[in-house]
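Q: What follows is my_file.txt, compact mmCIF, N, CA and C atoms.
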# COMPACT_ATOMS: atom_id res chain seq x y z
N MET A 1 14.97 68.35 -64.68
CA MET A 1 14.93 68.23 -63.24
C MET A 1 14.14 66.98 -62.89
N LYS A 2 14.72 66.17 -62.03
CA LYS A 2 14.09 64.92 -61.64
C LYS A 2 13.49 65.07 -60.24
N ILE A 3 12.22 64.70 -60.07
CA ILE A 3 11.56 64.76 -58.77
C ILE A 3 11.34 63.33 -58.29
N SER A 4 11.73 63.07 -57.05
CA SER A 4 11.62 61.71 -56.54
C SER A 4 10.16 61.34 -56.31
N ASN A 5 9.89 60.05 -56.33
CA ASN A 5 8.54 59.53 -56.11
C ASN A 5 8.03 59.88 -54.72
N LYS A 6 8.90 59.85 -53.71
CA LYS A 6 8.48 60.16 -52.34
C LYS A 6 8.01 61.61 -52.23
N ILE A 7 8.73 62.54 -52.84
CA ILE A 7 8.35 63.95 -52.78
C ILE A 7 7.01 64.15 -53.49
N THR A 8 6.86 63.54 -54.67
CA THR A 8 5.62 63.67 -55.42
C THR A 8 4.44 63.10 -54.63
N THR A 9 4.61 61.92 -54.07
CA THR A 9 3.56 61.29 -53.28
C THR A 9 3.22 62.15 -52.07
N GLY A 10 4.21 62.68 -51.41
CA GLY A 10 3.98 63.53 -50.24
C GLY A 10 3.20 64.78 -50.59
N MET A 11 3.56 65.41 -51.72
CA MET A 11 2.86 66.63 -52.13
C MET A 11 1.41 66.32 -52.49
N VAL A 12 1.16 65.20 -53.18
CA VAL A 12 -0.21 64.82 -53.52
C VAL A 12 -1.01 64.60 -52.25
N SER A 13 -0.39 63.95 -51.26
CA SER A 13 -1.08 63.71 -49.98
C SER A 13 -1.44 65.02 -49.29
N VAL A 14 -0.50 65.96 -49.25
CA VAL A 14 -0.74 67.25 -48.58
C VAL A 14 -1.83 68.03 -49.31
N VAL A 15 -1.79 68.06 -50.65
CA VAL A 15 -2.80 68.78 -51.43
C VAL A 15 -4.16 68.12 -51.25
N SER A 16 -4.21 66.79 -51.27
CA SER A 16 -5.47 66.07 -51.08
C SER A 16 -6.03 66.33 -49.70
N LEU A 17 -5.17 66.29 -48.68
CA LEU A 17 -5.61 66.55 -47.31
C LEU A 17 -6.14 67.97 -47.19
N ALA A 18 -5.46 68.93 -47.80
CA ALA A 18 -5.92 70.32 -47.75
C ALA A 18 -7.29 70.45 -48.39
N ALA A 19 -7.54 69.73 -49.49
CA ALA A 19 -8.84 69.79 -50.16
C ALA A 19 -9.93 69.19 -49.28
N VAL A 20 -9.62 68.08 -48.60
CA VAL A 20 -10.60 67.46 -47.71
C VAL A 20 -10.93 68.39 -46.55
N VAL A 21 -9.91 68.98 -45.93
CA VAL A 21 -10.13 69.87 -44.80
C VAL A 21 -10.90 71.12 -45.24
N ALA A 22 -10.63 71.61 -46.46
CA ALA A 22 -11.31 72.79 -46.97
C ALA A 22 -12.74 72.51 -47.40
N GLY A 23 -13.11 71.22 -47.49
CA GLY A 23 -14.48 70.87 -47.85
C GLY A 23 -14.73 70.84 -49.34
N ALA A 24 -13.72 70.50 -50.12
CA ALA A 24 -13.88 70.44 -51.56
C ALA A 24 -14.84 69.34 -51.93
N ALA A 25 -15.60 69.56 -53.01
CA ALA A 25 -16.55 68.55 -53.49
C ALA A 25 -15.79 67.45 -54.21
N PRO A 26 -16.33 66.21 -54.19
CA PRO A 26 -15.69 65.12 -54.91
C PRO A 26 -15.72 65.37 -56.41
N ALA A 27 -14.81 64.73 -57.13
CA ALA A 27 -14.73 64.90 -58.58
C ALA A 27 -16.07 64.53 -59.20
N GLY A 28 -16.55 65.33 -60.14
CA GLY A 28 -17.81 65.06 -60.79
C GLY A 28 -18.99 65.73 -60.10
N ALA A 29 -18.88 66.03 -58.84
CA ALA A 29 -19.98 66.64 -58.10
C ALA A 29 -20.18 68.09 -58.52
N ALA A 30 -19.12 68.76 -58.92
CA ALA A 30 -19.22 70.17 -59.29
C ALA A 30 -20.09 70.35 -60.53
N SER A 31 -19.99 69.44 -61.50
CA SER A 31 -20.76 69.61 -62.72
C SER A 31 -22.25 69.44 -62.46
N ALA A 32 -22.61 68.48 -61.61
CA ALA A 32 -24.02 68.26 -61.30
C ALA A 32 -24.56 69.41 -60.44
N ALA A 33 -23.80 69.83 -59.45
CA ALA A 33 -24.24 70.90 -58.56
C ALA A 33 -24.18 72.25 -59.25
N GLY A 34 -23.28 72.43 -60.22
CA GLY A 34 -23.11 73.71 -60.89
C GLY A 34 -24.33 74.12 -61.68
N ALA A 35 -25.14 73.14 -62.15
CA ALA A 35 -26.31 73.45 -62.95
C ALA A 35 -27.46 73.97 -62.09
N ALA A 36 -27.48 73.63 -60.81
CA ALA A 36 -28.56 74.03 -59.92
C ALA A 36 -28.30 75.42 -59.36
N PRO A 37 -29.38 76.19 -59.11
CA PRO A 37 -29.21 77.50 -58.47
C PRO A 37 -28.60 77.34 -57.09
N ALA A 38 -28.03 78.43 -56.57
CA ALA A 38 -27.33 78.40 -55.28
C ALA A 38 -28.22 77.89 -54.15
N LYS A 39 -29.49 78.31 -54.13
CA LYS A 39 -30.41 77.89 -53.06
C LYS A 39 -30.61 76.37 -53.10
N GLU A 40 -30.78 75.80 -54.32
CA GLU A 40 -30.94 74.35 -54.46
C GLU A 40 -29.68 73.61 -54.03
N ARG A 41 -28.50 74.16 -54.38
CA ARG A 41 -27.24 73.51 -53.98
C ARG A 41 -27.14 73.44 -52.46
N ALA A 42 -27.57 74.49 -51.77
CA ALA A 42 -27.52 74.49 -50.31
C ALA A 42 -28.44 73.40 -49.76
N VAL A 43 -29.62 73.25 -50.33
CA VAL A 43 -30.55 72.22 -49.89
C VAL A 43 -29.97 70.84 -50.18
N GLN A 44 -29.36 70.66 -51.37
CA GLN A 44 -28.75 69.38 -51.73
C GLN A 44 -27.62 69.03 -50.77
N ALA A 45 -26.81 70.01 -50.40
CA ALA A 45 -25.70 69.76 -49.47
C ALA A 45 -26.23 69.31 -48.11
N GLN A 46 -27.33 69.90 -47.66
CA GLN A 46 -27.90 69.49 -46.38
C GLN A 46 -28.47 68.08 -46.47
N ALA A 47 -29.04 67.72 -47.60
CA ALA A 47 -29.64 66.40 -47.75
C ALA A 47 -28.59 65.29 -47.75
N VAL A 48 -27.36 65.59 -48.16
CA VAL A 48 -26.30 64.59 -48.20
C VAL A 48 -25.76 64.28 -46.81
N LYS A 49 -25.92 65.19 -45.87
CA LYS A 49 -25.38 65.02 -44.52
C LYS A 49 -25.96 63.78 -43.85
N VAL A 50 -25.10 63.00 -43.18
CA VAL A 50 -25.53 61.79 -42.49
C VAL A 50 -26.25 62.20 -41.20
N PRO A 51 -27.47 61.67 -40.98
CA PRO A 51 -28.19 62.05 -39.75
C PRO A 51 -27.52 61.49 -38.52
N MET A 52 -27.73 62.17 -37.38
CA MET A 52 -27.14 61.70 -36.12
C MET A 52 -27.68 60.32 -35.81
N GLY A 53 -26.77 59.41 -35.46
CA GLY A 53 -27.16 58.08 -35.05
C GLY A 53 -27.42 57.11 -36.18
N ALA A 54 -27.03 57.43 -37.42
CA ALA A 54 -27.26 56.52 -38.53
C ALA A 54 -26.51 55.21 -38.29
N ALA A 55 -27.15 54.12 -38.64
CA ALA A 55 -26.57 52.79 -38.39
C ALA A 55 -25.22 52.64 -39.07
N GLY A 56 -24.26 52.09 -38.34
CA GLY A 56 -22.95 51.80 -38.91
C GLY A 56 -21.95 52.94 -38.92
N THR A 57 -22.39 54.17 -38.73
CA THR A 57 -21.47 55.29 -38.79
C THR A 57 -20.99 55.74 -37.42
N CYS A 58 -21.59 55.23 -36.37
CA CYS A 58 -21.30 55.74 -35.03
C CYS A 58 -20.43 54.82 -34.18
N SER A 59 -19.97 53.73 -34.73
CA SER A 59 -19.13 52.83 -33.93
C SER A 59 -17.80 52.60 -34.63
N GLY A 60 -16.81 52.23 -33.85
CA GLY A 60 -15.50 51.92 -34.42
C GLY A 60 -14.65 53.15 -34.68
N TRP A 61 -13.52 52.90 -35.32
CA TRP A 61 -12.55 53.95 -35.61
C TRP A 61 -12.98 54.77 -36.81
N LYS A 62 -12.70 56.07 -36.77
CA LYS A 62 -12.96 56.98 -37.87
C LYS A 62 -11.64 57.53 -38.38
N LYS A 63 -11.56 57.82 -39.66
CA LYS A 63 -10.34 58.38 -40.25
C LYS A 63 -10.46 59.90 -40.32
N ALA A 64 -9.35 60.59 -40.12
CA ALA A 64 -9.34 62.05 -40.18
C ALA A 64 -7.94 62.52 -40.54
N GLY A 65 -7.82 63.80 -40.81
CA GLY A 65 -6.53 64.41 -41.12
C GLY A 65 -6.45 65.78 -40.49
N SER A 66 -5.22 66.25 -40.31
CA SER A 66 -5.02 67.57 -39.73
C SER A 66 -3.85 68.25 -40.42
N LEU A 67 -3.81 69.57 -40.29
CA LEU A 67 -2.78 70.37 -40.93
C LEU A 67 -1.84 70.96 -39.88
N PRO A 68 -0.61 71.24 -40.26
CA PRO A 68 0.32 71.85 -39.30
C PRO A 68 -0.06 73.30 -39.00
N LEU A 69 0.25 73.74 -37.79
CA LEU A 69 0.09 75.13 -37.36
C LEU A 69 -1.35 75.63 -37.34
N LYS A 70 -2.33 74.74 -37.47
CA LYS A 70 -3.72 75.16 -37.47
C LYS A 70 -4.56 74.10 -36.76
N TRP A 71 -5.44 74.55 -35.88
CA TRP A 71 -6.34 73.62 -35.21
C TRP A 71 -7.44 73.21 -36.18
N SER A 72 -7.61 71.92 -36.35
CA SER A 72 -8.69 71.36 -37.17
C SER A 72 -9.67 70.68 -36.23
N LYS A 73 -10.96 70.77 -36.53
CA LYS A 73 -11.96 70.14 -35.68
C LYS A 73 -12.55 68.94 -36.41
N VAL A 74 -12.66 67.81 -35.71
CA VAL A 74 -13.33 66.63 -36.25
C VAL A 74 -14.48 66.26 -35.33
N SER A 75 -15.55 65.75 -35.92
CA SER A 75 -16.73 65.35 -35.17
C SER A 75 -17.23 64.02 -35.72
N ASP A 76 -17.78 63.18 -34.86
CA ASP A 76 -18.33 61.93 -35.35
C ASP A 76 -19.79 62.08 -35.78
N ASN A 77 -20.40 63.24 -35.57
CA ASN A 77 -21.77 63.53 -35.96
C ASN A 77 -22.77 62.49 -35.46
N CYS A 78 -22.51 61.92 -34.30
CA CYS A 78 -23.39 60.93 -33.70
C CYS A 78 -23.86 61.43 -32.34
N GLY A 79 -25.07 61.13 -32.00
CA GLY A 79 -25.58 61.52 -30.69
C GLY A 79 -25.17 60.50 -29.63
N HIS A 80 -24.45 60.95 -28.61
CA HIS A 80 -24.03 60.07 -27.51
C HIS A 80 -24.80 60.49 -26.26
N PHE A 81 -25.62 59.58 -25.74
CA PHE A 81 -26.39 59.86 -24.52
C PHE A 81 -25.49 59.71 -23.30
N GLY A 82 -25.63 60.62 -22.39
CA GLY A 82 -24.87 60.55 -21.15
C GLY A 82 -25.81 60.35 -19.97
N LYS A 83 -25.23 60.32 -18.80
CA LYS A 83 -25.98 60.26 -17.55
C LYS A 83 -25.12 60.92 -16.49
N PRO A 84 -25.70 61.32 -15.39
CA PRO A 84 -24.90 62.00 -14.36
C PRO A 84 -23.68 61.16 -13.96
N GLY A 85 -22.53 61.80 -13.93
CA GLY A 85 -21.29 61.15 -13.53
C GLY A 85 -20.58 60.37 -14.64
N MET A 86 -21.16 60.29 -15.81
CA MET A 86 -20.56 59.52 -16.90
C MET A 86 -19.31 60.19 -17.46
N LYS A 87 -18.35 59.37 -17.90
CA LYS A 87 -17.15 59.87 -18.58
C LYS A 87 -17.12 59.27 -19.98
N MET A 88 -16.75 60.10 -20.97
CA MET A 88 -16.68 59.68 -22.36
C MET A 88 -15.22 59.44 -22.73
N GLY A 89 -14.95 58.35 -23.40
CA GLY A 89 -13.59 58.02 -23.81
C GLY A 89 -13.28 58.46 -25.23
N TYR A 90 -12.08 58.94 -25.43
CA TYR A 90 -11.55 59.30 -26.74
C TYR A 90 -10.22 58.57 -26.90
N ALA A 91 -9.87 58.21 -28.14
CA ALA A 91 -8.56 57.62 -28.43
C ALA A 91 -8.17 58.01 -29.84
N TRP A 92 -6.87 58.07 -30.10
CA TRP A 92 -6.37 58.37 -31.45
C TRP A 92 -5.06 57.66 -31.68
N LYS A 93 -4.78 57.41 -32.97
CA LYS A 93 -3.48 56.85 -33.36
C LYS A 93 -3.14 57.34 -34.77
N VAL A 94 -1.96 57.93 -34.90
CA VAL A 94 -1.48 58.46 -36.17
C VAL A 94 -0.94 57.30 -37.00
N TYR A 95 -1.36 57.21 -38.26
CA TYR A 95 -0.80 56.19 -39.13
C TYR A 95 0.06 56.77 -40.24
N LYS A 96 0.02 58.09 -40.43
CA LYS A 96 0.92 58.72 -41.40
C LYS A 96 1.11 60.17 -40.99
N GLY A 97 2.36 60.56 -40.79
CA GLY A 97 2.63 61.94 -40.44
C GLY A 97 3.29 62.07 -39.08
N SER A 98 3.28 63.30 -38.58
CA SER A 98 3.95 63.60 -37.32
C SER A 98 3.01 63.43 -36.13
N SER A 99 3.53 63.70 -34.96
CA SER A 99 2.71 63.69 -33.75
C SER A 99 1.66 64.78 -33.86
N ILE A 100 0.56 64.59 -33.17
CA ILE A 100 -0.50 65.60 -33.16
C ILE A 100 -0.78 66.02 -31.72
N CYS A 101 -1.27 67.24 -31.58
CA CYS A 101 -1.73 67.73 -30.28
C CYS A 101 -3.26 67.71 -30.33
N VAL A 102 -3.86 67.26 -29.23
CA VAL A 102 -5.30 67.00 -29.22
C VAL A 102 -5.98 67.68 -28.05
N GLU A 103 -7.16 68.24 -28.30
CA GLU A 103 -8.08 68.70 -27.27
C GLU A 103 -9.41 68.02 -27.56
N VAL A 104 -10.14 67.61 -26.52
CA VAL A 104 -11.41 66.91 -26.70
C VAL A 104 -12.52 67.63 -25.96
N LYS A 105 -13.75 67.44 -26.46
CA LYS A 105 -14.91 68.11 -25.85
C LYS A 105 -15.56 67.20 -24.81
N GLY A 106 -15.83 67.78 -23.67
CA GLY A 106 -16.59 67.12 -22.62
C GLY A 106 -17.64 68.11 -22.12
N PHE A 107 -18.35 67.73 -21.06
CA PHE A 107 -19.40 68.60 -20.54
C PHE A 107 -19.36 68.64 -19.02
N VAL A 108 -19.55 69.84 -18.47
CA VAL A 108 -19.64 70.05 -17.03
C VAL A 108 -20.93 70.83 -16.80
N ASN A 109 -21.83 70.25 -16.02
CA ASN A 109 -23.13 70.87 -15.74
C ASN A 109 -23.86 71.27 -17.03
N GLY A 110 -23.79 70.41 -18.03
CA GLY A 110 -24.48 70.64 -19.30
C GLY A 110 -23.81 71.61 -20.24
N LYS A 111 -22.67 72.17 -19.86
CA LYS A 111 -21.96 73.13 -20.72
C LYS A 111 -20.70 72.50 -21.29
N ALA A 112 -20.47 72.74 -22.59
CA ALA A 112 -19.29 72.18 -23.26
C ALA A 112 -18.01 72.78 -22.69
N LYS A 113 -17.00 71.92 -22.52
CA LYS A 113 -15.68 72.35 -22.05
C LYS A 113 -14.64 71.54 -22.82
N TRP A 114 -13.56 72.22 -23.24
CA TRP A 114 -12.48 71.56 -23.98
C TRP A 114 -11.38 71.16 -23.01
N TYR A 115 -10.92 69.92 -23.13
CA TYR A 115 -9.87 69.36 -22.27
C TYR A 115 -8.64 69.06 -23.11
N LYS A 116 -7.46 69.44 -22.61
CA LYS A 116 -6.20 69.12 -23.28
C LYS A 116 -5.90 67.64 -23.07
N ALA A 117 -5.68 66.94 -24.18
CA ALA A 117 -5.43 65.50 -24.13
C ALA A 117 -3.96 65.18 -24.37
N GLY A 118 -3.14 66.19 -24.68
CA GLY A 118 -1.72 65.97 -24.87
C GLY A 118 -1.33 65.87 -26.33
N CYS A 119 -0.05 65.56 -26.55
CA CYS A 119 0.51 65.44 -27.89
C CYS A 119 1.18 64.08 -28.03
N GLY A 120 1.20 63.55 -29.24
CA GLY A 120 1.85 62.28 -29.49
C GLY A 120 1.25 61.58 -30.69
N LYS A 121 1.78 60.41 -31.00
CA LYS A 121 1.27 59.62 -32.12
C LYS A 121 0.09 58.74 -31.71
N THR A 122 -0.04 58.46 -30.41
CA THR A 122 -1.19 57.73 -29.90
C THR A 122 -1.57 58.33 -28.56
N GLY A 123 -2.81 58.12 -28.20
CA GLY A 123 -3.24 58.60 -26.90
C GLY A 123 -4.69 58.25 -26.63
N ALA A 124 -5.07 58.41 -25.39
CA ALA A 124 -6.46 58.17 -24.97
C ALA A 124 -6.74 59.01 -23.74
N ILE A 125 -8.01 59.37 -23.57
CA ILE A 125 -8.41 60.17 -22.42
C ILE A 125 -9.90 59.95 -22.17
N LYS A 126 -10.31 60.07 -20.93
CA LYS A 126 -11.72 60.05 -20.56
C LYS A 126 -12.04 61.39 -19.93
N VAL A 127 -13.15 62.00 -20.37
CA VAL A 127 -13.55 63.31 -19.86
C VAL A 127 -14.99 63.26 -19.38
N PRO A 128 -15.36 64.17 -18.45
CA PRO A 128 -16.74 64.20 -17.97
C PRO A 128 -17.72 64.44 -19.14
N TRP A 129 -18.81 63.70 -19.15
CA TRP A 129 -19.83 63.85 -20.19
C TRP A 129 -21.15 64.31 -19.57
N GLY A 130 -21.52 63.71 -18.48
CA GLY A 130 -22.72 64.14 -17.79
C GLY A 130 -24.01 63.77 -18.50
N ASN A 131 -25.07 64.45 -18.15
CA ASN A 131 -26.41 64.14 -18.63
C ASN A 131 -26.73 64.96 -19.88
N VAL A 132 -26.05 64.66 -20.99
CA VAL A 132 -26.26 65.38 -22.25
C VAL A 132 -26.37 64.39 -23.41
N LEU A 133 -26.88 64.87 -24.52
CA LEU A 133 -26.87 64.16 -25.79
C LEU A 133 -26.08 65.03 -26.74
N ALA A 134 -24.91 64.56 -27.17
CA ALA A 134 -24.05 65.38 -28.03
C ALA A 134 -23.12 64.51 -28.85
N ALA A 135 -22.53 65.10 -29.87
CA ALA A 135 -21.54 64.43 -30.72
C ALA A 135 -20.16 64.60 -30.10
N LYS A 136 -19.31 63.58 -30.28
CA LYS A 136 -17.91 63.68 -29.84
C LYS A 136 -17.16 64.58 -30.82
N GLU A 137 -16.30 65.46 -30.28
CA GLU A 137 -15.50 66.35 -31.12
C GLU A 137 -14.09 66.42 -30.58
N MET A 138 -13.13 66.57 -31.50
CA MET A 138 -11.73 66.77 -31.14
C MET A 138 -11.18 67.94 -31.94
N LYS A 139 -10.28 68.70 -31.33
CA LYS A 139 -9.48 69.70 -32.03
C LYS A 139 -8.08 69.11 -32.15
N VAL A 140 -7.51 69.18 -33.34
CA VAL A 140 -6.23 68.53 -33.61
C VAL A 140 -5.31 69.49 -34.35
N LYS A 141 -4.02 69.50 -33.96
CA LYS A 141 -3.01 70.31 -34.64
C LYS A 141 -1.80 69.43 -34.93
N GLY A 142 -1.31 69.47 -36.16
CA GLY A 142 -0.14 68.71 -36.57
C GLY A 142 -0.43 68.06 -37.91
N ALA A 143 0.59 67.90 -38.74
CA ALA A 143 0.42 67.32 -40.07
C ALA A 143 0.35 65.80 -39.96
N ALA A 144 -0.86 65.26 -40.06
CA ALA A 144 -0.99 63.81 -39.90
C ALA A 144 -2.32 63.31 -40.44
N LEU A 145 -2.33 62.03 -40.76
CA LEU A 145 -3.54 61.28 -41.02
C LEU A 145 -3.67 60.33 -39.84
N PHE A 146 -4.86 60.24 -39.26
CA PHE A 146 -5.00 59.45 -38.04
C PHE A 146 -6.39 58.82 -37.95
N ASP A 147 -6.48 57.81 -37.09
CA ASP A 147 -7.74 57.17 -36.74
C ASP A 147 -8.12 57.67 -35.35
N TRP A 148 -9.40 57.81 -35.10
CA TRP A 148 -9.84 58.23 -33.76
C TRP A 148 -11.20 57.62 -33.44
N LYS A 149 -11.47 57.52 -32.16
CA LYS A 149 -12.79 57.08 -31.71
C LYS A 149 -13.10 57.72 -30.38
Could you take the file, read its structure, and then write that structure out as structure tokens?
A:
Amino acid sequence: MKISNKITTGMVSVVSLAAVVAGAAPAGAASAAGAAPAKERAVQAQAVKVPMGAAGTCSGWKKAGSLPLKWSKVSDNCGHFGKPGMKMGYAWKVYKGSSICVEVKGFVNGKAKWYKAGCGKTGAIKVPWGNVLAAKEMKVKGAALFDWK
């Protein structure tokens, strides 16, 4: 039985994307973490996390992926300061896969609210942010790899 290169590449992409979304550890990380007790592994995992506002991680486009039929959440893990009346901008563009449906987080009177941003391969929206310090988050549904900011 002969399997075409496109099918093989597509399956590897889907399996890799599923591993990333599921939070799989990078190759080689399991052997180092496997030797440590569970409590130490939890502390090590927290230490690897990028702190809010780290230089270079909070500007520009970020890469992400989503799965079909399931809402995936992405966050930039950066603190964005707001002020009364401020609106926060979101944008996305799919570079591999189908159209995606997007919801974005904004704030009304200091409380988080999710706004429907529509479906498509590209899009942008501005939502109320207000006087808060929070990370930008999007909920995404659809099989795709995309950039967002």
Q: Closest to Tyr115 (chain A) among A:Trp61, A:Tyr95, A:Phe146, A:Tyr90, using only C-alpha atoms?
A: A:Tyr90
Q: Compile the contact shell of Val102 (chain A) as a list in words: residues with an atom at most 8 Å away, counting only N, CA and C atoms, same-chain residues fewer than 4 positions apart removed.
A: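 The residues satisfying every condition are Tyr115, Lys116, Ala117, Gly118, Cys119, Gly120, Met138, Lys139, Val140, Lys141 and Gly142 of chain A.
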Q: What is the distance, in Å and to one decimal place, between atom C of Ala64 (chain A) and atom N of Gly130 (chain A)?
A: 25.9 Å
Q: Could you tell me how far CA of Gly60 (chain A) sits from CA of Ala124 (chain A), in Å to one decimal place?
A: 14.5 Å
Q: Could you please determine the separation between CA of Asp76 (chain A) and CA of Gly89 (chain A) in Å, to one decimal place?
A: 13.1 Å
Q: What's around Trp148 (chain A) at 5 Å? Count only N, CA and C atoms, leave out sequence neighbours fewer than 5 positions away in its own chain, and write the answer as a list of chain:residue names.
A: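 Selected residues are A:Trp61, A:Lys62, A:Ala91, A:Trp92.
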Q: Which residue is closest to Cys78 (chain A)? Choose from A:Val104, A:Lys149, A:Ala143, A:Leu133 and count only N, CA and C atoms.
A: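 Residue with the minimum atom-to-atom distance to Cys78 (chain A): A:Leu133.
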Q: Here is a test: counting all atoms listed in the file, which residue of A:Cys58, A:Val94, A:Leu69, A:Lys63 is nearest to Gly123 (chain A)?
A: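 Ranked by minimum distance to Gly123 (chain A), first place goes to A:Val94.
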Q: Kindly indicate which residue among A:Lys96, A:Ser59, A:Asn109, A:Ala135 lies nearest to Ser75 (chain A), using only N, CA and C atoms for the distances.
A: A:Ala135
Q: Looking at A:Gly106, A:Ile100, A:Lys113, A:Asp147, which one is nearest to Gly85 (chain A), with distances taken over only C-alpha atoms?
A: A:Gly106
Q: When you count all atoms listed in the file, which of these residues is closest to Phe81 (chain A): A:Cys101, A:Asn131, A:Ser66, A:Phe107?
A: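 Of A:Cys101, A:Asn131, A:Ser66, A:Phe107, the one nearest Phe81 (chain A) is A:Asn131, counting all atoms listed in the file.
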Q: Using DSSP on the backbone coordinates, identify all residues within region 75-141 of chain A classified as strand (DSSP E); present the result as a VMD selection string.
A: chain A and resid 75 80 to 81 87 to 97 100 to 108 111 to 120 122 to 128 133 to 134 137 to 141
